[in-house]
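Inspection log for the structure reproduced underneath, given as structure tokens.
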Amino acid sequence: MATPNSVIVPPDYDPEKDKGAFMNPVMLEYFRQQLIKWRNELLRESRETIQNTLQGTELQKPDLTDRASAETDHALELRTRDRERKLISKINSTLERLDDDEYGYCEETGEPISIARLKARPIATLSIEAQERHERLEKTQRDD
């Protein structure tokens with residue numbers, strides 16, 4: 001396995017057009033960079049939320065309507081950040097899979113996950129077919 005940063009990804013690189021082996025070093029580094037960039041954006045947004053919450057005095061407003069509105073906005077923001085916290089955890093797990101040479105392969109079948117799917121959802125662990133089976137099974141269990 002190539003070590004991170006020892007592989008250079010061309011600026012115009014598109015893994016869907018790569019004719020090399022599936023999950024070759026350039027492809028792996030491309031997805032590593034995408035995942036790290038995504039995680040950094042989420043962390044930056046989280047820091048901004050914390051900073052704005054600490055600086056804001058919205059919850060101190062004397063008008064009950066203004067305060068209720070601010071509390072609702074604050075609660076929504078916290079729920080969003082909690083979802084993002086879980087997403088960061090998934091990104092970290094995906095980076096571990098990448099380091100363990102398991103990235104890009106379906107956890108259920110071991111088959112390659114399509115590059116188009118990985119570009120759309122870099123944290124995907126199941127192929128589209130396996131994901132659809134999983135969702136159908138979930139739906140039938142819910143309906144029972």
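By order in the structure tokens, chains are A, B, ...; within a chain, residues start at 1; ligands start at 1, following the order shown.
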Next item on the list: Write out as an NGL selection string which residues come within 12 Å of A:Thr125 when counting only C-alpha atoms, dropping same-chain ones fewer than 5 positions away.
Entry: :A and (90-91 or 93-95 or 97-98 or 102-114 or 117-118 or 130-131 or 134)
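Every protein, DNA or RNA residue with an atom at most 12 Å from A:Thr49, where only C-alpha atoms count and chain neighbours fewer than 5 positions away do not, is listed here: Leu42, Leu43, Arg44, Leu54, Gln55, Gly56, Asp73, His74, Ala75, Leu76, Glu77, Leu78, Arg79, Thr80, Arg81, Asp82 and Glu84 of chain A.
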Margin query: Using only C-alpha atoms for the distances, tell me which of A:Ile8, A:Leu28, A:Ile88, A:Thr65 is nearest to A:Ser46.
Written below: A:Ile88
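Counting only C-alpha atoms, A:Phe31 has the following residues at most 8 Å away, ignoring those fewer than 4 positions along the same chain: Met27, Leu35 and Pro122 of chain A.
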Store the residues picked out above, limited to N, CA and C atoms, as a JSON list (two decimals), in the first residue's frame.
[["chain", "number", "residue", "atom", "x", "y", "z"],
["A", 27, "MET", "N", -6.22, 6.30, -7.18],
["A", 27, "MET", "CA", -7.64, 6.29, -6.86],
["A", 27, "MET", "C", -7.84, 6.34, -5.34],
["A", 35, "LEU", "N", -12.32, 12.55, 1.38],
["A", 35, "LEU", "CA", -12.84, 12.29, 2.73],
["A", 35, "LEU", "C", -12.27, 13.28, 3.75],
["A", 122, "PRO", "N", -18.90, 8.87, -0.69],
["A", 122, "PRO", "CA", -17.60, 8.27, -0.42],
["A", 122, "PRO", "C", -17.55, 7.36, 0.81]]
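The space separating atom CA of A:Leu87 from atom CA of A:Gln51 comes to 20.6 Å.
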Next item on the list: From a DSSP calculation on the backbone, collect every residue of chain A in helix (DSSP H, G or I) and output the set as a VMD selection string.
Entry: chain A and resid 15 to 17 25 to 55 58 to 60 64 to 99 115 to 120 128 to 143
